[in-house]
Every structure is written in C-alpha cells, then in structure tokens.
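Read through the structure below, which is laid out as structure tokens, and then see the notes.
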Amino acid sequence: MAVYKTHAAAADEFLKDEERTHWHDDTLWHVRTKRDTAAQKLPEWEVLRENASQIKEYVLSHLDELLVQFEKNATANGIEVLWAKNAQEHNEHVYRIFQENKVKNLVKSKSILTEECGLNHFLEEKGYDVVDTDLGERIIQFNDQVPSHIVMPAIHLKKKEIGDIFHKHLGTDAGADDPQYLTEAARIHLREKFIQANAAITGVNFGIAETGGFVVCTNEGNADMGTHLADVHIACMGIEKLIPRAADLGVYLRLLARSATGQSITNYTSHFHRPSAGKKMYLILVDNGRTEQLGREDFRNSLKCIRCGACMNTCPIYRRSSGFSYGSTVPGPIGSILSPGIDLKKHSTLPFASTLCGSCSDVCPVKINIHEQLYKWRQVITKEGDAQPAKKWSMKLAGKVLGSPAWYNFMGKSARTALKITPASLIYTKLNAWGKKRDLPEVPKESFKEWYKKNRK
Amino acid sequence: MSSKEQILAAVKKNKPDATGLPEHLSYPKEEINQLIEHFQQASLLNGGKTIVIKRLEEISSYLQVHFDKKLQIVSLIPELKGSLDITTILDPHDLEAVELAVLKGTWAVAENAAIWMPEENLAHRALPFIAQHLAVVIESRHLVRDMHAVYEKIKVDDPGYGVFIAGPSKTADIEQSLVIGAHGPRSMTVFLLSE
Ligand code: SF4
C-alpha cells in the first residue's frame, strides 16, 4: 500500500526555514489586502458574487445541454472539439494533434488543467521540449518543480534563488537578482521560443456556450504571443469552465482579477472564436473526475471555482505551509475539497489542513462554501477510518460544533478569543499538528463576517 | 459509447435540479468627465498612460518626441503615417522588429481601462503583442462605465478574435515586484480623443 505524507508532515520541510515562512505569509497577506481594497471599491461587489454563483449554479444544472450547444457552435466556428474522459485521453489527443500537424516546437501558457493531466511529463517522455512561457512557470520548470500557487506559480521562491536558476539556465550574471534584469533575460529567451513554435497550448478561463468561443486571461500576453505566431492552437478546458451567455463575462471578469491580485482586470483578455486563415484551432473538453464530483451533492459546488487563488492567499494554513505541502495540483482550501474527490486516500489529510475559520468562503468570488465542504470531507474521511489520530480528537469536537450554524458561529468567536489567550505551551501540544513547528497564525480580532456586518451599513 | 456520450450521460445522471439564470446586471451611466477620470486612474494602475487630446495631429507630435523615426512604426490610423507599410507584411513573424504599433480601439471601459480591439483593428492578431510599444487611439464617446456595459455594445463573435487590452505586458512573478515588458509591449499609451 502506498504511504502518503500527511499535510502537516509535508509542511515540516517548508517550516524549517522560519524566515521564509514569515516572508511567504506576509507576501500572500499583502495580495489578500490588495484584493480587499479592490473589492471595497465596488459597492456592487456582493451582488456580483451572488450573480456569479447563480450563473454557475445554472451551468452545473444544465451542463449537458450547454456542452452540446458549445460544441455545436464551436464546430460551426471552425474549431475542432475533442472530448476526454480522463487525463490519459487528453494527453493522447494532444499527441495525436502534434503528429498530424508535424509539430516540432511548442510553447505553452498557463493551464492548471494540463498540470492536473501531467501533460508536460507525458510530452517530455515522447521527446518534446515543453516550453512554459508564463514567467513564473518557466522559473519553476527550470527548477524542476510544479506550481506552488495557481496564480503565482513561483511564489515560494526568492529573487536570489531565481537569479541562481537563471544563471544556470540562461547565463545571466552570477549573483544578479534584480527582477527587471531577470525578466528581460527571460523575455529574450522566450521570444526566440515564440518565434520558433509551431504549436501553442493554452488553458481556458471561460467557454461561451452561446457563441462557441473561449476566453483566456493573462497579464504577460504570453498566451497571445504563442497562439498568434504558431499554426496550431490547442486549448484545454475542464467541462465546468462553461458560461451560458457572452454577457456573463461581464460579471466574471469584474470578479476574477480583483479577487486574484487586486487588479481591476488582467491586461489581456482574449476572445477566440475562429482560427486565422490557414491555421488550426482545437479545443479539448476534459472530464477527469468532474462528472463524478457533480454527483456528490455536498461537494458539487466546488466545480464553480474560477481559479482566482483568493482562498489560498487568505488561508492562514496555506500562507504558512506553502502550496507544496498539499501534494495536489490545486493547493489551498479549494484544492483540499477538490483533491479528495480525485483520490481520497492520497489526499485524506487535506480537509484537516484548515482552521475552519471560513475566510476562504468569505473571499470566494463565486461563493463556494469551502469551509463547510472541508468539514463535510472530514466526516466522510472519518467514516472511512483514515483520519490521523491527533486530528481525530479535534475533529470530534468540530463535529459537535459544526452540526448547527449557530454553534459554529459561536465557536468561531470563542476559538478566536481562545487562540489569543492560549499560552504557547498549550498550542505546542502534540494534539495540534500545526502548532508543532509554529506559532499559530495571527488571530484576527474579528472574523470577516463580523467585520462585514459592522461595516456594511 | 464514445467519450462524448459517456461524459454527457454522466452529467445527465449527476447534475443537480435545474435552476434559473439571473438577469444581466447593469448600472447607471456616468458623466463623461467621470468616465475619463476613472479611465485615466485605472490605466495608470495597469501600468499604462493616458493622454487626452483634442485633435489627431497631436499624436504625431507626441510620437516624434518619444519614438525614433528610424525604427519600424506601424500605424493603422489613416491620418497618421508610420514607417512600415503593414500591407507588405504577410507573415506575422516578420513583425518581430516593430518598435511601435498605433492602433484604433473600438470601445473603452472606464472602470478598468480595458479597450476592445477586434481583429479588424489589428491587421495581424500578433501585432499588439509582438510590438515593443503600443499606442491606442480611442474616442471619448466610446467610453462606457463597466464590463456589463461594454458587453452590451459588442458582439464577441463578430470577429474571429478580439481582445481587451488594458495595459502593457507585465509580470510580478519574481517576488511580486512589478516589471513592465514581460513578453509584449514595454509601454502602452492611450490617446483619448475628446472634442
Ligand atoms: S474556490 Fe473560490 S476563492 Fe478559491 S480559487 Fe476558486 S474561485 Fe477563487
């Protein structure tokens, strides 16, 4: 039987470097505050969230019809649509397209789905040199790592380390760590790759059923540099990425970048509907466990996710344990409710990597009840008898409390008070798996819910 | 059963009870001065720069000061002459040396400075990305408040490709430090034509 690391054990590695832990924590908290500022500028923020959530609710409850409509319209637009039940089938589609079009050089822009499918590894085994073109992804690719965050893939690395990586792979000056200088080096290196590429792979942020097109958002412009220069464009899309109407984009684009980084929009929002003359456009629709998740009443809401990363930036556990500790493609709170659906055994400790403070649910732009789902996974996992002994203890308590919303709110409040006054010796008891190596995350004086209630008037 | 049939069958079996679609959101129009002010603020935050002009001729004098005429300048604004005739370019790879592209925007969004550029405004889809610098001309009467309003104006599938450009190519992937000029334009200048 495979032995899987618990989240707390995996986090140990990261926590050894205390300075880095603090730095990581501060950096992400800063991004979270930028999100708050952006959200507070819009009086209609809560209306947007509600709207975005309702549209996705509609999508999930009409997904079969919307998929058929999307395929029909996309095909009429000249896009070749392919279906993949799982990662393997997805990867094979890509490989077949490469062979048919005699693709030698490829560039790729950010796609969490291809990460989930292990596409890079698959193509490398077939002899392709996969070139990730998002700067953060290129950095970690050089460093033989996977993204530690879905929006900021190299957030775990310091500029000095990136300087060393670039010195090794791009021949930049030893010791040079100026971000401007390093970015320029990557620009020169990647321009050459863009010019040589005959195929470009992108992810999809939104697929539009009504028009049969899709939208890709970047700040760097790398998806566009790739697709407009190459002859073949392959877009990889999870089936839940659909929206019914083009005008729904208004809601999601207002929420996405603000939630992710506090920007009002990404600098490029590209709408693809038809290939240029003489070029080819493919779109792969991927299930890979999504239809199964759709059937889990308690967890299907997780499919509303638009991958903004806000729940990671706000999570006290994520901020202090980094993305790698989750051991899943999507880390953080949303990863902890998606991953157990894919492999319950492997990811059985993830739903426990949470204080259930509810901050993730509060920032989520599509109003996924993340912390409630974390709790529900705990129940499932406990039934399966896979919970860690130490966690079992606190979970039993949680079981009582979370049974009713009133109890939950009360306990949230007293937990916050308790953390403030609990002496370190208590926190550091073995019963608290994360207390082992760290102070507890700073305790907010009031939960976002309380704050919001007070400030809403 | 094909993969498509299997996926659709699984969705049909597992999907929740049908819910309805909410109405599209829309918000009251803003005064033109307010729109211009919001656009300028947003553009600045995105790393761009807005110059309000009264006549198109002002653009050429600005460009003369800021760009080297000996370098390749592409202009798709009829009133403005560039140094490279875009009709001579058939393969977008040959745009690699373009220093500046001056293009026309169709609609602009005040809340985030995003400008809608359908492909007929671009000559080549790659042009606004491969150029070292980008300038976009937009008329103030084509400013709208927010993203809801702009999607009422445009038909996204009219062009085979269309893009909202809100600023220069940028990244913050190294320790969250903002660097302008990741792969594409190192600057974006918006000329806002306001009579
Ligand atoms: S769950 Fe919500 S907050 Fe987290 S990444 Fe998805 S959309 Fe963003």
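Ligands are numbered from 1 in the order shown, residues from 1 within each chain, and chains are lettered A, B, ... in the order they appear in the structure tokens.
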Protein and nucleic residues near ligand 1, 10 Å, only C-alpha atoms and all ligand atoms, as a VMD selection string: chain A and resid 53 149 to 151 255 to 256 259 to 260 301 to 315 330 to 338 359 to 370
Among stretch 39-214 of chain A, which ones does DSSP place in strand (DSSP E or B), written as a PDB file with N, CA and C atoms, in the first residue's frame?
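part_28.pdb, freshly written:
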ATOM      1  N   GLU A  80     -12.009  22.605 -33.903  1.00  0.00           N
ATOM      2  CA  GLU A  80     -12.223  21.163 -33.765  1.00  0.00           C
ATOM      3  C   GLU A  80     -12.329  20.822 -32.280  1.00  0.00           C
ATOM      4  N   VAL A  81     -13.482  20.266 -31.896  1.00  0.00           N
ATOM      5  CA  VAL A  81     -13.723  19.968 -30.484  1.00  0.00           C
ATOM      6  C   VAL A  81     -13.484  18.489 -30.202  1.00  0.00           C
ATOM      7  N   LEU A  82     -12.704  18.206 -29.168  1.00  0.00           N
ATOM      8  CA  LEU A  82     -12.416  16.823 -28.787  1.00  0.00           C
ATOM      9  C   LEU A  82     -12.845  16.613 -27.345  1.00  0.00           C
ATOM     10  N   TRP A  83     -13.179  15.383 -27.012  1.00  0.00           N
ATOM     11  CA  TRP A  83     -13.644  15.068 -25.655  1.00  0.00           C
ATOM     12  C   TRP A  83     -12.662  14.111 -24.994  1.00  0.00           C
ATOM     13  N   ALA A  84     -12.419  14.321 -23.719  1.00  0.00           N
ATOM     14  CA  ALA A  84     -11.510  13.433 -22.995  1.00  0.00           C
ATOM     15  C   ALA A  84     -12.111  13.068 -21.645  1.00  0.00           C
ATOM     16  N   LEU A 106       6.908  23.546 -29.377  1.00  0.00           N
ATOM     17  CA  LEU A 106       5.664  24.034 -28.811  1.00  0.00           C
ATOM     18  C   LEU A 106       5.927  24.994 -27.666  1.00  0.00           C
ATOM     19  N   VAL A 107       4.988  25.917 -27.512  1.00  0.00           N
ATOM     20  CA  VAL A 107       5.005  26.793 -26.337  1.00  0.00           C
ATOM     21  C   VAL A 107       3.680  26.612 -25.616  1.00  0.00           C
ATOM     22  N   LYS A 108       3.710  26.894 -24.329  1.00  0.00           N
ATOM     23  CA  LYS A 108       2.533  26.651 -23.520  1.00  0.00           C
ATOM     24  C   LYS A 108       2.305  27.849 -22.620  1.00  0.00           C
ATOM     25  N   VAL A 130       8.992  20.818 -23.820  1.00  0.00           N
ATOM     26  CA  VAL A 130       7.834  21.644 -23.482  1.00  0.00           C
ATOM     27  C   VAL A 130       8.325  22.975 -22.909  1.00  0.00           C
ATOM     28  N   VAL A 131       7.902  24.063 -23.524  1.00  0.00           N
ATOM     29  CA  VAL A 131       8.352  25.372 -23.052  1.00  0.00           C
ATOM     30  C   VAL A 131       7.185  26.123 -22.420  1.00  0.00           C
ATOM     31  N   ASP A 132       7.189  26.199 -21.095  1.00  0.00           N
ATOM     32  CA  ASP A 132       6.200  27.027 -20.404  1.00  0.00           C
ATOM     33  C   ASP A 132       6.613  28.479 -20.568  1.00  0.00           C
ATOM     34  N   ALA A 199       3.281  25.075 -32.507  1.00  0.00           N
ATOM     35  CA  ALA A 199       2.031  24.840 -31.787  1.00  0.00           C
ATOM     36  C   ALA A 199       2.042  25.595 -30.468  1.00  0.00           C
ATOM     37  N   ALA A 200       0.858  26.069 -30.080  1.00  0.00           N
ATOM     38  CA  ALA A 200       0.726  26.758 -28.792  1.00  0.00           C
ATOM     39  C   ALA A 200      -0.414  26.115 -28.018  1.00  0.00           C
ATOM     40  N   ILE A 201      -0.133  25.784 -26.765  1.00  0.00           N
ATOM     41  CA  ILE A 201      -1.166  25.213 -25.896  1.00  0.00           C
ATOM     42  C   ILE A 201      -1.567  26.277 -24.881  1.00  0.00           C
ATOM     43  N   THR A 202      -2.873  26.460 -24.700  1.00  0.00           N
ATOM     44  CA  THR A 202      -3.343  27.390 -23.671  1.00  0.00           C
ATOM     45  C   THR A 202      -4.400  26.708 -22.816  1.00  0.00           C
ATOM     46  N   PHE A 206     -12.851  30.853 -19.632  1.00  0.00           N
ATOM     47  CA  PHE A 206     -14.298  30.739 -19.809  1.00  0.00           C
ATOM     48  C   PHE A 206     -14.606  30.237 -21.215  1.00  0.00           C
ATOM     49  N   GLY A 207     -15.506  29.262 -21.310  1.00  0.00           N
ATOM     50  CA  GLY A 207     -16.014  28.828 -22.606  1.00  0.00           C
ATOM     51  C   GLY A 207     -17.433  29.363 -22.727  1.00  0.00           C
ATOM     52  N   ILE A 208     -17.775  29.937 -23.870  1.00  0.00           N
ATOM     53  CA  ILE A 208     -19.085  30.574 -24.019  1.00  0.00           C
ATOM     54  C   ILE A 208     -20.001  29.671 -24.850  1.00  0.00           C
ATOM     55  N   GLY A 213     -17.122  30.124 -28.403  1.00  0.00           N
ATOM     56  CA  GLY A 213     -15.752  30.640 -28.324  1.00  0.00           C
ATOM     57  C   GLY A 213     -15.234  30.520 -26.905  1.00  0.00           C
ATOM     58  N   PHE A 214     -13.993  30.971 -26.680  1.00  0.00           N
ATOM     59  CA  PHE A 214     -13.444  30.871 -25.334  1.00  0.00           C
ATOM     60  C   PHE A 214     -12.536  32.051 -25.033  1.00  0.00           C
TER      61      PHE A 214
END
Got a sec: who's within 10 Å of B:Thr19, counting only C-alpha atoms, leaving out chain neighbours fewer than 5 positions off, as a VMD selection string? chain A and resid 54 to 62
I'd like the contact shell of A:Gly262 - 7 Å cut-off, only C-alpha atoms, skipping same-chain residues fewer than 4 positions apart - returned as a list in words. Lys34, Arg35, Ala38, Ala257 and Arg258 of chain A
Could you save the residues just selected, with N, CA and C atoms, as a JSON list (two decimals), in the first residue's frame?
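Contents of part-v1.json, freshly written:
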[["chain", "number", "residue", "atom", "x", "y", "z"],
["A", 34, "LYS", "N", -4.68, 43.59, -1.06],
["A", 34, "LYS", "CA", -4.94, 44.26, -2.35],
["A", 34, "LYS", "C", -6.31, 43.86, -2.89],
["A", 35, "ARG", "N", -6.64, 42.58, -2.70],
["A", 35, "ARG", "CA", -7.95, 42.10, -3.09],
["A", 35, "ARG", "C", -9.05, 42.85, -2.34],
["A", 38, "ALA", "N", -9.58, 46.34, -3.68],
["A", 38, "ALA", "CA", -10.27, 46.33, -4.98],
["A", 38, "ALA", "C", -11.76, 46.02, -4.79],
["A", 257, "ALA", "N", -9.91, 39.14, -11.66],
["A", 257, "ALA", "CA", -8.60, 39.75, -11.38],
["A", 257, "ALA", "C", -8.61, 40.47, -10.04],
["A", 258, "ARG", "N", -9.74, 41.06, -9.70],
["A", 258, "ARG", "CA", -9.82, 41.74, -8.40],
["A", 258, "ARG", "C", -9.61, 40.73, -7.27]]
Surrounding residues of B:Ile174 excluding itself and chain neighbours under 4 positions, 8 Å, only C-alpha atoms, as number ranges by chain: A: 136, 154-155, 157-159, 162, 179
Residue subset to file, keeping all heavy atoms, as a CSV table (one decimal), in the first residue's frame:
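For reference, result15.csv as written:
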chain,number,residue,atom,x,y,z
A,136,GLY,N,6.6,32.9,-14.3
A,136,GLY,CA,6.6,32.1,-13.1
A,136,GLY,C,6.7,30.6,-13.4
A,136,GLY,O,7.5,29.9,-12.7
A,154,ALA,N,5.5,30.7,-8.8
A,154,ALA,CA,6.8,30.7,-8.2
A,154,ALA,C,6.9,31.5,-6.9
A,154,ALA,O,7.9,32.0,-6.5
A,154,ALA,CB,7.8,31.2,-9.2
A,155,ILE,N,5.7,31.6,-6.3
A,155,ILE,CA,5.6,32.5,-5.1
A,155,ILE,C,6.5,32.0,-3.9
A,155,ILE,O,6.8,32.7,-3.0
A,155,ILE,CB,4.1,32.6,-4.7
A,155,ILE,CG1,3.9,33.8,-3.7
A,155,ILE,CG2,3.5,31.4,-4.1
A,155,ILE,CD1,4.0,35.2,-4.3
A,157,LEU,N,9.6,31.1,-4.2
A,157,LEU,CA,11.0,31.3,-4.4
A,157,LEU,C,11.4,32.8,-4.2
A,157,LEU,O,10.6,33.7,-4.6
A,157,LEU,CB,11.4,30.9,-5.9
A,157,LEU,CG,11.4,29.4,-6.2
A,157,LEU,CD1,11.5,29.2,-7.7
A,157,LEU,CD2,12.4,28.7,-5.4
A,158,LYS,N,12.6,33.0,-3.7
A,158,LYS,CA,13.1,34.3,-3.6
A,158,LYS,C,13.9,34.7,-4.8
A,158,LYS,O,14.4,33.9,-5.5
A,158,LYS,CB,13.9,34.4,-2.3
A,158,LYS,CG,13.1,34.1,-1.0
A,158,LYS,CD,13.8,34.7,0.1
A,158,LYS,CE,12.9,34.7,1.3
A,158,LYS,NZ,13.5,35.3,2.5
A,159,LYS,N,14.0,36.0,-5.0
A,159,LYS,CA,14.7,36.5,-6.2
A,159,LYS,C,16.1,36.0,-6.3
A,159,LYS,O,16.6,35.8,-7.4
A,159,LYS,CB,14.6,38.0,-6.3
A,159,LYS,CG,15.2,38.8,-5.3
A,159,LYS,CD,15.0,40.3,-5.5
A,159,LYS,CE,15.6,41.1,-4.4
A,159,LYS,NZ,15.3,42.5,-4.4
A,162,ILE,N,15.9,32.7,-7.8
A,162,ILE,CA,15.6,32.8,-9.2
A,162,ILE,C,16.8,33.3,-10.0
A,162,ILE,O,17.1,32.8,-11.1
A,162,ILE,CB,14.4,33.7,-9.4
A,162,ILE,CG1,13.1,33.1,-8.7
A,162,ILE,CG2,14.1,34.0,-10.9
A,162,ILE,CD1,11.9,34.0,-8.6
A,179,PRO,N,14.8,41.9,-10.4
A,179,PRO,CA,13.7,41.4,-11.1
A,179,PRO,C,13.6,41.9,-12.6
A,179,PRO,O,13.2,41.2,-13.5
A,179,PRO,CB,12.4,41.8,-10.3
A,179,PRO,CG,12.9,42.0,-8.9
A,179,PRO,CD,14.3,42.5,-9.1
One number please: atom CA of A:Ser325 to atom CA of A:Pro153, in Å, one decimal.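 Computing the Euclidean distance for atom CA of A:Ser325 and atom CA of A:Pro153 yields 14.1 Å.
Once A:Lys72 and its same-chain neighbours fewer than 3 positions away are set aside, A:Glu65, A:Leu66, A:Leu67, A:Val68, A:Gln69, A:Thr75, A:Ala76, A:Asn77, A:Gly78, A:Ile79, A:Glu80, A:Val81, A:Leu82, A:Ile208, A:Ala209, A:Glu210, A:Thr211, A:Gly212, A:Gly213 remain within 12 Å of it when counting only C-alpha atoms.
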Near A:Thr172, counting only C-alpha atoms, which residues have an atom at most 10 Å away, once you skip same-chain residues fewer than 5 positions from it, shown as a ChimeraX atom specification? /A:163-167,177,181-182,185-186
Residues as selected, N, CA and C atoms, written as a short mmCIF file (atom, residue, chain, number, x, y, z; two decimals), in the first residue's frame, can you do that?
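Now in result.cif:
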data_model
loop_
_atom_site.label_atom_id
_atom_site.label_comp_id
_atom_site.auth_asym_id
_atom_site.auth_seq_id
_atom_site.Cartn_x
_atom_site.Cartn_y
_atom_site.Cartn_z
N GLY A 163 17.57 34.21 -9.40
CA GLY A 163 18.81 34.65 -10.03
C GLY A 163 19.76 33.47 -10.27
N ASP A 164 19.86 32.59 -9.29
CA ASP A 164 20.73 31.42 -9.44
C ASP A 164 20.22 30.48 -10.53
N ILE A 165 18.90 30.30 -10.56
CA ILE A 165 18.29 29.42 -11.56
C ILE A 165 18.56 29.98 -12.97
N PHE A 166 18.39 31.29 -13.12
CA PHE A 166 18.61 31.91 -14.43
C PHE A 166 20.09 31.90 -14.81
N HIS A 167 20.93 32.05 -13.81
CA HIS A 167 22.36 31.99 -14.09
C HIS A 167 22.71 30.63 -14.69
N ASP A 177 20.17 39.55 -9.15
CA ASP A 177 18.82 39.16 -8.73
C ASP A 177 17.80 40.29 -8.91
N TYR A 181 16.03 42.95 -14.51
CA TYR A 181 17.10 42.32 -15.29
C TYR A 181 16.74 40.86 -15.61
N LEU A 182 16.25 40.15 -14.62
CA LEU A 182 15.92 38.73 -14.83
C LEU A 182 14.76 38.58 -15.81
N ALA A 185 15.95 39.00 -19.31
CA ALA A 185 16.64 37.80 -19.79
C ALA A 185 15.62 36.76 -20.25
N ALA A 186 14.56 36.60 -19.48
CA ALA A 186 13.53 35.63 -19.84
C ALA A 186 12.82 36.07 -21.11
#
